[in-house]
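Colleague: The following block contains the structure, expressed as structure tokens.
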Amino acid sequence: MGTNDKQTWLALAMIICARLGLQALLYRAGFVSLTADDFGRAVAAGLWAQRPYFVWHGGAWLPFHMILVGSALRLVWDLLWVPRTVNILLGAISILLIYRLGKELFKDRRIGLFAALLLAFNPAHLWLSSGMLVEIPYLTLLLGCMLSFIVFLQRSRSSYLFLSAVLLGLANGFRFEGWMVSLFFSLYLAWLGIYRFIHRQTNLKGVAVLWVAAIVPMVFPVLWVAGSYQQTGDPFHFLSVIRTYKLTWNGSQRSFINYLITSWRIGWLIILLMFPALAHCVYRYGKSQALRWYLGITLIPLVMFLWLHGGQAEPPGNYIRYLTPFLCVFLPLLGALMVALLDYIHKLVWVRGSIFVLISLALLIQVFSAYKFTNDPAAQGLAVGQQLRALRSSGPGLNLVPAIIEVSYWEYLAIHVGANDLKRLMYDRELDFDRRDAPSLILETPGLVYACARQNEIEYLVVKDNQLKDLLEGTYSLKPEHQVNTYNFYRLPPGFSSSIQDRGLKCTLPFGSGY
């Protein structure tokens, strides 16, 4: 390994270490989640881990994240830190991949290092790598696909071609946006085969290789669409489910301004320098087939997404989730612009120093903005679940004793994650995803708490509704032992269930599993 290689790897190691330090500080500052989906994804993975199954059709969520995190949960059962650890590791890998992408695309390791530095200090990438969502695995696979394909274009080795196709095929099982990328990828390969054959650059076997690789990423989308048709009679039923949900709970308002605002928040440096960077790279590297392909696979899917999404109103966290993978792949362009600028003024030491100071200030601004996060309201349930977990661990056998929790959307999912429990939580209120206003079963049925305590040996009741609190403290003479984020914890005293008058009353509260 040469001196330059050692310096490069040392620089990358320092970037990764700095990034891990920022994540530790982010957790210490109170970061939990951008969206309620963080907890939903963890719960879905936990359910899969308990009973693995192959998924090739379904609703609004693609299955590969569930399988990835669920497989890790089968090794270590922790609904909070296993999904987080997966994203922390993949976030670090994505930083290494974007370094290689910049280096291979422009043949300059400095460009790769700038891209890695910008990604490591990007607030949205930091948030997503610290949560439990699906975007970081998707982005990592996408960067791996882009890197492999660029190496294929430069070295004409079919192993890199099929590696890129397989990585993109895997990405298609994480995010639907990957399907748009795959459409460009496959059409490009189909065109490339025809072009090379016409210009006598390959034979029929070479065309067949390209066309087979073009098919690989489309296998999973075709299976998913076919499965949707088999189950519902509508091949795109999953799109109807997504659209209906968004219109019901997010409203019908449409505005592209929110995209721009969120993009600025994700990385104002990207927005500020994107067009100058594009112009510079097209002017300087426009003859590179790899660059033209790279620009196509980054820009065309972004335009398709904006058109298909149509400005649909979203919670703030969703804008960040959806746009981050599209914007982060542009960072090698910014790295190329910065290196070109530094090379242009290399003789003017004071100007060069000023540029370094400005870049450092820009990175610091991005770092500080990362700590101006907003946790999703559902995150309040995490501390509630963690308190329940701590109480259960305080005595022998308590971790096996069921507890009753009040279902409050979507905090109840966070309670599952915090309690690290998908089997021993009973729900007061049935799940009602359509209206989210199911009545309290405890309020409706006098004596139900006694019946559940007798049948299931309930130890704790955890509720936030004031009527429920009044009932438990008045009728049942219970006193709260703890209060966390407006939830009261009531511990049932010994012999509590003997107070039941109607011995025939059955406990109708369901054991919940999240979904």
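Residues in the structure tokens are numbered from 1 in each chain, the chains being A, B, ... in the order shown, and ligands are numbered from 1 in the order shown.
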Quick one: residues within 9 Å of segment 315-324 of chain A, only C-alpha atoms counted, chain neighbours fewer than 3 positions away excluded, as a ChimeraX atom specification?

Modeller: /A:33-35,124-125,128,133-135,139,177,250,258-259,262-263,265-267,302,327-329,374-376

Colleague: If we count only C-alpha atoms and set the cut-off at 9 Å, which residues sit around Leu161 of chain A, ignoring sequence neighbours fewer than 6 positions away in its own chain? Please answer as a ChimeraX atom specification.

Modeller: /A:145,148-153,210,213

Colleague: Using only C-alpha atoms, determine which residues lie at most 9 Å from Ala92 of chain A, disregarding the query and same-chain residues fewer than 5 positions distant; provide the list as a ChimeraX atom specification.

Modeller: /A:16,19-20,87,97,120,129

Colleague: Please identify the alpha helix (DSSP H) residues within segment 158-285 of chain A (assignment by DSSP from backbone atoms) and present them as a count of residues only.

Modeller: 105

Colleague: Can you pull out the residues contacting Ala44 of chain A? Cut-off 9 Å, using only C-alpha atoms, and skip same-chain residues under 6 positions away; I want them as a PyMOL selection string.

Modeller: chain A and resi 66+70+514-515

Colleague: Between A:Val216, A:Ala453, A:Val43, A:Leu337, which residue has the minimum interatomic distance to Gly495 of chain A, considering only C-alpha atoms?

Modeller: A:Ala453

Colleague: Which residues, written as an mmCIF file with C-alpha atoms, in the first residue's frame, have at least one atom at most 10 Å from Ser228 of chain A, with only C-alpha atoms counted and residues fewer than 6 positions away on the same chain left out?

Modeller:
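Okay, out_35.cif is ready:
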```
data_model
loop_
_atom_site.group_PDB
_atom_site.id
_atom_site.type_symbol
_atom_site.label_atom_id
_atom_site.label_comp_id
_atom_site.auth_asym_id
_atom_site.auth_seq_id
_atom_site.Cartn_x
_atom_site.Cartn_y
_atom_site.Cartn_z
ATOM 1 C CA TRP A 56 -43.288 -11.667 -2.693
ATOM 2 C CA HIS A 57 -46.522 -9.691 -2.657
ATOM 3 C CA GLY A 58 -48.270 -7.396 -0.245
ATOM 4 C CA GLY A 59 -49.299 -3.862 0.574
ATOM 5 C CA VAL A 222 -42.671 -8.104 -11.601
ATOM 6 C CA ASP A 234 -55.465 -5.199 -9.279
ATOM 7 C CA PRO A 235 -51.757 -5.366 -10.188
ATOM 8 C CA PHE A 236 -51.178 -1.937 -8.640
ATOM 9 C CA HIS A 237 -53.348 -2.354 -5.575
ATOM 10 C CA PHE A 238 -50.414 -1.370 -3.349
#
```

Colleague: Would you mind reading off the distance between atom CA of Leu73 of chain A and atom CA of Leu47 of chain A, one decimal, in Å?

Modeller: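 Computing it gives 9.8 Å between the two atoms.
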
Colleague: I'd like to know which of A:Thr475, A:Ser513, A:Gln386, A:Asn172 is closest to Leu62 of chain A, using only C-alpha atoms.

Modeller: A:Asn172

Colleague: Quick one: everything within 9 Å of Arg100 of chain A, counting only C-alpha atoms, minus sequence neighbours fewer than 3 positions away in the same chain. Send it as a PyMOL selection string.

Modeller: chain A and resi 95-97+103-105+109+112-113+116+147

Colleague: Determine which residues of segment 421-493 of chain A DSSP labels as strand (DSSP E) from the backbone of this structure, then write them out as an NGL selection string.

Modeller: :A and (425-428 or 460-463 or 480-484 or 487-491)

Colleague: Take the residues just selected and output them with N, CA and C atoms as a compact mmCIF listing (two decimals), in the first residue's frame.

Modeller:
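Output contents, as saved in selection15.txt:
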```
# COMPACT_ATOMS: atom_id res chain seq x y z
N LEU A 425 -48.10 -7.71 25.88
CA LEU A 425 -48.80 -6.44 26.08
C LEU A 425 -50.24 -6.60 25.62
N MET A 426 -51.17 -6.32 26.51
CA MET A 426 -52.59 -6.39 26.18
C MET A 426 -53.09 -4.99 25.86
N TYR A 427 -53.99 -4.90 24.89
CA TYR A 427 -54.48 -3.60 24.41
C TYR A 427 -55.83 -3.26 25.03
N ASP A 428 -55.91 -2.09 25.65
CA ASP A 428 -57.23 -1.53 25.93
C ASP A 428 -57.57 -0.64 24.74
N TYR A 460 -49.03 -4.68 35.58
CA TYR A 460 -49.07 -3.23 35.39
C TYR A 460 -50.15 -2.83 34.40
N LEU A 461 -50.74 -1.67 34.64
CA LEU A 461 -51.60 -0.99 33.68
C LEU A 461 -50.95 0.34 33.34
N VAL A 462 -50.86 0.65 32.05
CA VAL A 462 -50.20 1.87 31.59
C VAL A 462 -51.18 2.63 30.70
N VAL A 463 -51.66 3.78 31.18
CA VAL A 463 -52.70 4.52 30.45
C VAL A 463 -52.39 6.01 30.47
N PRO A 480 -50.94 5.76 41.02
CA PRO A 480 -49.84 5.66 40.04
C PRO A 480 -48.49 5.60 40.73
N GLU A 481 -47.67 4.66 40.30
CA GLU A 481 -46.32 4.54 40.84
C GLU A 481 -45.33 5.40 40.07
N HIS A 482 -45.58 5.57 38.76
CA HIS A 482 -44.68 6.35 37.92
C HIS A 482 -45.51 7.10 36.88
N GLN A 483 -44.96 8.19 36.40
CA GLN A 483 -45.58 8.92 35.29
C GLN A 483 -44.49 9.25 34.27
N VAL A 484 -44.73 8.87 33.00
CA VAL A 484 -43.78 9.12 31.92
C VAL A 484 -44.56 9.66 30.73
N TYR A 487 -48.27 9.34 30.64
CA TYR A 487 -48.75 7.98 30.92
C TYR A 487 -48.56 7.69 32.40
N ASN A 488 -49.59 7.16 33.05
CA ASN A 488 -49.48 6.71 34.43
C ASN A 488 -49.28 5.20 34.49
N PHE A 489 -48.41 4.77 35.39
CA PHE A 489 -48.15 3.35 35.60
C PHE A 489 -48.82 2.93 36.91
N TYR A 490 -49.73 1.98 36.81
CA TYR A 490 -50.43 1.45 37.98
C TYR A 490 -50.02 -0.01 38.19
N ARG A 491 -49.57 -0.31 39.39
CA ARG A 491 -49.22 -1.70 39.71
C ARG A 491 -50.34 -2.31 40.53
```

Colleague: What does the distance between atom CA of Leu68 of chain A and atom CA of Asp37 of chain A come to in Å, to one decimal place?

Modeller: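 Distance between the two atoms: 16.2 Å.
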
Colleague: Do you have the atom CA of Phe373 of chain A-atom CA of Leu25 of chain A distance handy?

Modeller: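 Rounded to one decimal, the two atoms are 12.6 Å apart.
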
Colleague: Skipping near chain neighbours, those fewer than 2 positions away, what residues fall within 8 Å of Leu333 of chain A using only C-alpha atoms, listed as a PyMOL selection string?

Modeller: chain A and resi 102+274+277-278+281+330-331+335-337

Colleague: Could you check which of A:Ala190, A:Leu80, A:Ile359, A:Ala13 is closest to Leu382 of chain A, using only C-alpha atoms?

Modeller: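 Closest candidate: A:Leu80.
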
Colleague: Which one of A:Leu388, A:Leu471, A:Leu126, A:Leu170 sits closest to Val417 of chain A if you count only C-alpha atoms?

Modeller: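 Selected residue with least distance to Val417 of chain A: A:Leu388.
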
Colleague: Out of A:Leu468, A:Arg429, A:Tyr188, A:Glu459, which residue has the shortest atom-to-atom distance to Gln289 of chain A when counting only C-alpha atoms?

Modeller: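 So, comparing all the options, the nearest one is A:Tyr188.
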
Colleague: Using only C-alpha atoms, find the one residue out of A:Gly385, A:Gly30, A:Gly395, A:Pro402 that sits nearest to Leu509 of chain A.

Modeller: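 Closest residue, counting only C-alpha atoms: A:Pro402.
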